[in-house]
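Source file: start_37.txt. Holds: compact mmCIF, C-alpha atoms.
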# COMPACT_ATOMS: atom_id res chain seq x y z
CA MET A 1 9.00 -9.97 6.18
CA LEU A 2 7.64 -12.99 8.02
CA ILE A 3 5.22 -15.36 6.28
CA GLU A 4 3.41 -17.98 8.30
CA GLN A 5 0.24 -20.01 8.38
CA LEU A 6 -2.52 -18.09 10.13
CA ARG A 7 -4.05 -19.71 13.19
CA PRO A 8 -7.49 -19.22 14.79
CA ALA A 9 -5.92 -16.59 17.07
CA HIS A 10 -5.38 -14.44 13.93
CA ALA A 11 -9.07 -14.54 12.98
CA HIS A 12 -9.89 -10.99 14.10
CA ASP A 13 -7.03 -9.42 12.10
CA TYR A 14 -7.66 -11.70 9.10
CA ARG A 15 -11.36 -10.77 9.09
CA ALA A 16 -10.58 -7.04 9.29
CA LEU A 17 -8.08 -7.22 6.43
CA MET A 18 -10.41 -9.22 4.19
CA LEU A 19 -13.40 -6.95 4.90
CA GLU A 20 -11.17 -4.07 3.79
CA ALA A 21 -10.32 -6.01 0.62
CA TYR A 22 -13.97 -6.75 -0.18
CA ALA A 23 -14.94 -3.12 0.41
CA LEU A 24 -12.11 -1.51 -1.57
CA HIS A 25 -11.94 -4.05 -4.41
CA PRO A 26 -15.43 -5.53 -4.91
CA ASP A 27 -14.64 -6.66 -8.46
CA ALA A 28 -11.63 -8.71 -7.34
CA PHE A 29 -13.49 -11.13 -5.06
CA THR A 30 -16.48 -13.39 -5.52
CA SER A 31 -17.70 -12.68 -1.98
CA SER A 32 -19.17 -9.34 -0.98
CA VAL A 33 -18.31 -7.32 2.09
CA ALA A 34 -21.93 -7.71 3.31
CA GLU A 35 -21.81 -11.51 2.98
CA ARG A 36 -18.53 -11.86 4.83
CA ALA A 37 -19.27 -9.20 7.48
CA ALA A 38 -22.37 -11.17 8.46
CA LEU A 39 -20.35 -14.29 9.25
CA PRO A 40 -19.49 -14.95 12.90
CA LEU A 41 -15.89 -14.86 14.06
CA SER A 42 -16.12 -18.65 14.44
CA TRP A 43 -16.38 -18.98 10.63
CA TRP A 44 -13.12 -17.05 10.23
CA GLN A 45 -11.49 -19.13 12.97
CA ALA A 46 -12.57 -22.37 11.26
CA ARG A 47 -11.01 -21.20 7.99
CA LEU A 48 -7.71 -20.90 9.89
CA SER A 49 -7.65 -24.51 11.05
CA GLU A 50 -4.29 -25.83 12.18
CA GLU A 51 -5.06 -29.42 11.17
CA ALA A 52 -2.26 -30.88 9.06
CA LEU A 53 -4.56 -31.92 6.22
CA ALA A 54 -7.13 -29.13 6.47
CA ALA A 55 -8.99 -28.42 3.20
CA GLU A 56 -7.93 -24.78 3.41
CA ARG A 57 -4.84 -23.00 4.59
CA VAL A 58 -4.36 -19.24 4.85
CA LEU A 59 -0.91 -17.67 4.92
CA GLY A 60 -0.20 -14.22 6.25
CA VAL A 61 2.71 -11.89 5.78
CA PHE A 62 3.67 -9.75 8.76
CA GLN A 63 5.52 -6.45 9.00
CA ASP A 64 6.40 -5.17 12.45
CA ASP A 65 4.12 -7.82 14.00
CA ARG A 66 1.16 -6.53 11.96
CA LEU A 67 -0.73 -8.58 9.36
CA ALA A 68 0.18 -6.93 6.03
CA GLY A 69 -1.24 -9.39 3.50
CA VAL A 70 -2.89 -12.76 3.07
CA ALA A 71 -3.32 -15.56 0.54
CA GLY A 72 -5.41 -18.70 0.87
CA LEU A 73 -4.90 -22.16 -0.52
CA SER A 74 -7.78 -24.58 -0.98
CA PHE A 75 -7.06 -28.26 -1.54
CA GLU A 76 -9.39 -30.47 -3.53
CA THR A 77 -10.64 -33.45 -1.55
CA ARG A 78 -12.43 -35.40 -4.26
CA GLU A 79 -10.40 -38.37 -5.46
CA LYS A 80 -10.13 -37.35 -9.11
CA LEU A 81 -9.24 -33.75 -8.29
CA ARG A 82 -6.75 -34.14 -5.42
CA HIS A 83 -3.89 -33.16 -7.72
CA LYS A 84 -5.22 -29.56 -7.75
CA ALA A 85 -5.18 -26.70 -5.29
CA THR A 86 -6.59 -23.20 -5.66
CA LEU A 87 -5.03 -19.93 -4.58
CA PHE A 88 -7.81 -17.69 -3.21
CA GLY A 89 -8.29 -14.49 -1.26
CA MET A 90 -4.97 -12.87 -2.13
CA TYR A 91 -4.77 -9.36 -0.73
CA VAL A 92 -2.02 -6.90 0.12
CA PRO A 93 -3.30 -3.41 1.04
CA ALA A 94 -2.08 -0.47 -1.06
CA ARG A 95 -0.07 0.85 1.89
CA CYS A 96 2.01 -2.36 1.87
CA ARG A 97 2.49 -2.90 -1.87
CA GLN A 98 5.69 -2.62 -3.90
CA GLN A 99 7.69 -4.30 -1.14
CA GLY A 100 7.70 -7.89 -2.40
CA LEU A 101 5.02 -9.05 0.04
CA GLY A 102 2.67 -10.31 -2.68
CA ARG A 103 5.46 -12.20 -4.41
CA GLY A 104 6.49 -13.72 -1.08
CA LEU A 105 2.91 -14.84 -0.42
CA VAL A 106 2.49 -16.41 -3.85
CA GLN A 107 5.81 -18.24 -3.54
CA ALA A 108 4.87 -19.45 -0.05
CA VAL A 109 1.50 -20.70 -1.33
CA LEU A 110 3.24 -22.61 -4.12
CA ALA A 111 5.66 -24.12 -1.60
CA GLN A 112 2.76 -25.16 0.66
CA ALA A 113 0.95 -26.73 -2.29
CA GLY A 114 4.10 -28.55 -3.36
CA ALA A 115 4.54 -29.97 0.13
CA ARG A 116 1.06 -31.51 0.09
CA PRO A 117 1.27 -35.13 -1.15
CA GLY A 118 -0.16 -35.55 -4.63
CA VAL A 119 -0.71 -31.87 -5.46
CA ARG A 120 0.63 -31.12 -8.93
CA LEU A 121 -0.88 -27.78 -9.90
CA VAL A 122 -2.29 -24.60 -8.43
CA GLN A 123 -5.10 -22.67 -10.07
CA LEU A 124 -6.45 -19.17 -9.55
CA THR A 125 -8.65 -16.56 -11.14
CA VAL A 126 -7.78 -12.89 -11.55
CA THR A 127 -10.09 -10.12 -12.65
CA GLN A 128 -9.56 -9.19 -16.28
CA GLY A 129 -7.94 -5.75 -16.31
CA ASN A 130 -6.08 -6.24 -13.01
CA ASP A 131 -2.77 -6.12 -14.85
CA ALA A 132 -0.59 -5.75 -11.75
CA ALA A 133 -1.96 -8.93 -10.17
CA ARG A 134 -1.77 -10.82 -13.45
CA ALA A 135 1.85 -9.75 -13.95
CA LEU A 136 2.70 -10.92 -10.42
CA TYR A 137 1.12 -14.32 -11.02
CA GLU A 138 2.83 -14.71 -14.39
CA SER A 139 6.20 -13.82 -12.86
CA CYS A 140 5.64 -16.62 -10.35
CA GLY A 141 4.98 -19.19 -13.07
CA PHE A 142 1.21 -18.99 -13.63
CA VAL A 143 -0.11 -19.28 -17.18
CA ALA A 144 -3.51 -18.11 -18.41
CA TYR A 145 -5.71 -20.79 -19.96
CA GLY A 146 -9.05 -19.10 -20.44
CA VAL A 147 -11.37 -16.24 -19.71
CA GLU A 148 -14.75 -16.60 -18.05
CA PRO A 149 -16.92 -13.75 -19.33
CA PHE A 150 -19.33 -12.02 -16.94
CA ALA A 151 -17.94 -14.13 -14.09
CA VAL A 152 -18.79 -11.79 -11.20
CA ALA A 153 -21.50 -9.20 -10.73
CA ALA A 154 -19.84 -6.10 -9.30
CA GLY A 155 -22.77 -3.80 -8.62
CA PRO A 156 -24.56 -3.08 -11.88
CA ALA A 157 -21.55 -4.21 -13.95
CA TYR A 158 -20.00 -7.60 -14.59
CA VAL A 159 -16.32 -8.48 -14.69
CA SER A 160 -14.60 -11.35 -16.46
CA LYS A 161 -12.10 -13.63 -14.76
CA ILE A 162 -8.88 -14.95 -16.25
CA HIS A 163 -8.21 -18.56 -15.24
CA MET A 164 -4.56 -19.35 -14.59
CA TRP A 165 -2.57 -22.38 -13.50
CA CYS A 166 0.93 -23.12 -12.27
CA ASN A 167 2.63 -26.46 -12.78
CA ILE A 168 4.29 -27.65 -9.58
CA GLY A 169 4.61 -31.35 -10.31
CA PHE A 170 4.02 -32.36 -13.90
CA PRO A 171 7.26 -32.86 -15.83
CA ASP A 172 7.25 -31.13 -19.23
CA ALA A 173 3.59 -30.14 -18.98
CA SER A 174 2.19 -27.61 -21.38
CA LEU A 175 -1.17 -26.55 -22.71
CA SER A 176 -1.30 -28.05 -26.18

Can you give me the file's structure in the form of structure tokens?
Amino acid sequence: MLIEQLRPAHAHDYRALMLEAYALHPDAFTSSVAERAALPLSWWQARLSEEALAAERVLGVFQDDRLAGVAGLSFETREKLRHKATLFGMYVPARCRQQGLGRGLVQAVLAQAGARPGVRLVQLTVTQGNDAARALYESCGFVAYGVEPFAVAAGPAYVSKIHMWCNIGFPDASLS
């Protein structure tokens, strides 16, 4: 398993994998397959910026030189929120699951966040009922702190999102 930051040259493979994710798991993502499929390849390339302090970073896990999973990390740029980062767009296809790839991606995202000056916590949302994803996040140190009801319209239904956070820089922090 090789985990590395994706570069603009990975945009085609990243786009294909994420379009698969949006199509197969529409309730897990806030973007739809139609919205993202309409975006030009240049949008995907821009998301994979190699700038040291880019607002977003996407990590990929590779098996046999093939992209087998992704996870994004968005850094807050506003002064009062720079201590936070958000894990987004986590996806490992079913054919690649149960091999530790997801855990490796989450751990790599946390390491990337911890290496960014001033970042002290990572947040994410997970669809309520996605117990496997929630268990993975909890095993990596994330703690739930609330549920947003009717957060995403998934066709005619709505799904709720569980908000989670992981402390990477506050000593003795807890939700009290």

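The closest residue to A:Asn130, picked from A:Arg57, A:Arg95, A:His25, A:His83 and counting only C-alpha atoms, is A:His25.
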
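Protein and nucleic acid residues near (-20.9, -8.8, 1.2) are Met18, Leu19, Glu20, Ala21, Tyr22, Ala23, Leu24, His25, Pro26, Asp27, Phe29, Thr30, Ser31, Ser32, Val33, Ala34, Glu35, Arg36, Ala37, Ala38, Leu39, Ala153, Ala154 and Gly155 of chain A, the criterion being any atom at most 12 Å away using all atoms listed in the file.
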
Distance query A:Ala55 at most 8 Å, all atoms listed in the file, self and fewer than 3 positions along chain excluded, as a short mmCIF file (atom, residue, chain, number, x, y, z; two decimals) with C-alpha atoms, keeping the file's coordinate frame:
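Saved file around.cif follows:
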data_model
loop_
_atom_site.label_atom_id
_atom_site.label_comp_id
_atom_site.auth_asym_id
_atom_site.auth_seq_id
_atom_site.Cartn_x
_atom_site.Cartn_y
_atom_site.Cartn_z
CA SER A 74 -7.78 -24.58 -0.98
CA PHE A 75 -7.06 -28.26 -1.54
CA GLU A 76 -9.39 -30.47 -3.53
CA THR A 77 -10.64 -33.45 -1.55
#

Check: Between atom CA of A:Leu124 and atom CA of A:Ile162, what is the distance, to one decimal in Å?
Finding: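 Taking atom CA of A:Leu124 as the start and atom CA of A:Ile162 as the end point, the length is 8.3 Å.
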
Item checked: Shell of 10 Å around A:Arg116, all atoms listed in the file, local chain residues under 5 positions omitted, as a list of chain:residue names -> A:Ala52, A:Leu53, A:Phe75, A:Arg82, A:His83, A:Ala85, A:Ala111

Next item on the list: Using all atoms listed in the file, pick whichever of A:Leu81, A:Met1, A:Val58, A:Glu138 has the shortest atom-to-atom distance to A:Val109.
Entry: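 Between A:Leu81, A:Met1, A:Val58, A:Glu138, the residue approaching A:Val109 most closely is A:Val58.
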
Check: How many Å lie between atom CA of A:Phe150 and atom CA of A:Asp131, rounded to one decimal?
Finding: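 Between atom CA of A:Phe150 and atom CA of A:Asp131 the gap works out to 17.7 Å.
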
Next item on the list: Would you mind listing what lies within 7 Å of A:Ser160 as a PyMOL selection string, with all atoms listed in the file counted and same-chain residues fewer than 2 positions away left out?
Entry: chain A and resi 127-128+147-152+158+162

Write out the residues from the selection above, keeping C-alpha atoms, as a PDB file, in the frame of the given file.
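Below you can see result_39.pdb, which holds the result:
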ATOM      1  CA  THR A 127     -10.090 -10.120 -12.650  1.00  0.00           C
ATOM      2  CA  GLN A 128      -9.560  -9.190 -16.280  1.00  0.00           C
ATOM      3  CA  VAL A 147     -11.370 -16.240 -19.710  1.00  0.00           C
ATOM      4  CA  GLU A 148     -14.750 -16.600 -18.050  1.00  0.00           C
ATOM      5  CA  PRO A 149     -16.920 -13.750 -19.330  1.00  0.00           C
ATOM      6  CA  PHE A 150     -19.330 -12.020 -16.940  1.00  0.00           C
ATOM      7  CA  ALA A 151     -17.940 -14.130 -14.090  1.00  0.00           C
ATOM      8  CA  VAL A 152     -18.790 -11.790 -11.200  1.00  0.00           C
ATOM      9  CA  TYR A 158     -20.000  -7.600 -14.590  1.00  0.00           C
ATOM     10  CA  ILE A 162      -8.880 -14.950 -16.250  1.00  0.00           C
TER      11      ILE A 162
END

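The two atoms in question, atom CA of A:Phe142 and atom CA of A:Met164, are spaced 5.9 Å apart.
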